[in-house]
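Chemist: Okay, here's the structure, questions in a sec.
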Amino acid sequence: MSRLIPAAERIVRARELIQKARDLPVPAGAGKYDLTYIAQVKDLLQQARDMVKFISYQPSASAEMKNEVKKIFAEADQANQEILH
């Protein structure tokens with residue numbers, strides 16, 4: 001059975017995934033239009049969203065936690081725009 005990851009740790013891990021997507025090196029050949037690069041960036045950002053998407057539905061989640069989840073979704077969207085567009 002897998003262990004349960006606390007909400008605070010999920011938020012930290014999601015931010016690390018977003019940073020990892022930003023730090024991903026752009027390939028020399030096709031640049032940011034390389035399909036493998038695009039897939040890797042989108043996968044990391046989706047992992048970050050998936051990491052926190054159910055926190056706001058937990059009854060034990062505070063209003064501050066719910067705001068952090070909203071911020072992570074906004075950060076992931078902003079990172080997507082900055083990296084790929």
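Residue numbering restarts at 1 for every chain of the structure tokens, chains are lettered A, B, ... in their displayed order, and ligands are numbered from 1 as they appear.
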Find the spatial neighbours of segment 37-48 of chain A, counting only C-alpha atoms, within a cut-off of 6 Å - ignore same-chain residues fewer than 5 positions away - and output them as a list of chain:residue names.

Modeler: A:Ala14, A:Leu17, A:Ile18, A:Ala21, A:Ala76

Chemist: I need the residues from that last selection saved to file as a short mmCIF file (atom, residue, chain, number, x, y, z; two decimals), in the first residue's frame (with C-alpha atoms), if you can.

Modeler:
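After the write, part-v4.cif holds the following:
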```cif
data_model
loop_
_atom_site.label_atom_id
_atom_site.label_comp_id
_atom_site.auth_asym_id
_atom_site.auth_seq_id
_atom_site.Cartn_x
_atom_site.Cartn_y
_atom_site.Cartn_z
CA ALA A 14 4.22 20.54 -7.31
CA LEU A 17 7.86 20.01 -10.82
CA ILE A 18 7.00 23.43 -12.23
CA ALA A 21 9.76 22.18 -16.36
CA ALA A 76 1.55 26.01 -14.08
#
```

Chemist: Env of Ala8 of chain A: 12 Å cut, atoms = only C-alpha atoms, seq-sep filter 2 positions within chain, self excluded. Answer as an mmCIF file with C-alpha atoms, in the first residue's frame.

Modeler:
```cif
data_model
loop_
_atom_site.group_PDB
_atom_site.id
_atom_site.type_symbol
_atom_site.label_atom_id
_atom_site.label_comp_id
_atom_site.auth_asym_id
_atom_site.auth_seq_id
_atom_site.Cartn_x
_atom_site.Cartn_y
_atom_site.Cartn_z
ATOM 1 C CA LEU A 4 -0.215 9.111 1.946
ATOM 2 C CA ILE A 5 1.589 12.344 1.120
ATOM 3 C CA PRO A 6 0.538 15.321 3.282
ATOM 4 C CA ARG A 10 2.284 17.904 -2.238
ATOM 5 C CA ILE A 11 2.366 21.670 -2.699
ATOM 6 C CA VAL A 12 6.153 21.720 -2.340
ATOM 7 C CA ARG A 13 6.546 18.858 -4.817
ATOM 8 C CA ALA A 14 4.219 20.536 -7.309
ATOM 9 C CA ARG A 15 6.311 23.706 -7.212
ATOM 10 C CA MET A 51 -0.297 16.454 -7.391
ATOM 11 C CA VAL A 52 -2.568 19.110 -5.850
ATOM 12 C CA ILE A 55 -6.470 19.093 -1.944
ATOM 13 C CA SER A 60 -9.289 19.215 6.438
ATOM 14 C CA ALA A 61 -7.898 21.698 3.895
ATOM 15 C CA SER A 62 -7.691 25.235 5.204
ATOM 16 C CA GLU A 64 -4.815 29.061 2.958
ATOM 17 C CA MET A 65 -4.159 25.598 1.480
ATOM 18 C CA LYS A 66 -6.921 26.097 -1.074
ATOM 19 C CA GLU A 68 -2.006 27.735 -2.522
ATOM 20 C CA VAL A 69 -3.625 25.185 -4.840
#
```

Chemist: Here is a test: counting only C-alpha atoms, which residue of A:Arg49, A:Lys32, A:Arg22, A:Arg3 is nearest to Lys70 of chain A?

Modeler: A:Arg49

Chemist: Output as a ChimeraX atom specification all residues of segment 8-85 of chain A that backbone DSSP marks as alpha helix (DSSP H).

Modeler: /A:8-23,35-52,63-84

Chemist: Which distance in Å separates atom CA of Glu9 of chain A and atom CA of Phe54 of chain A, to one decimal?

Modeler: 13.5 Å
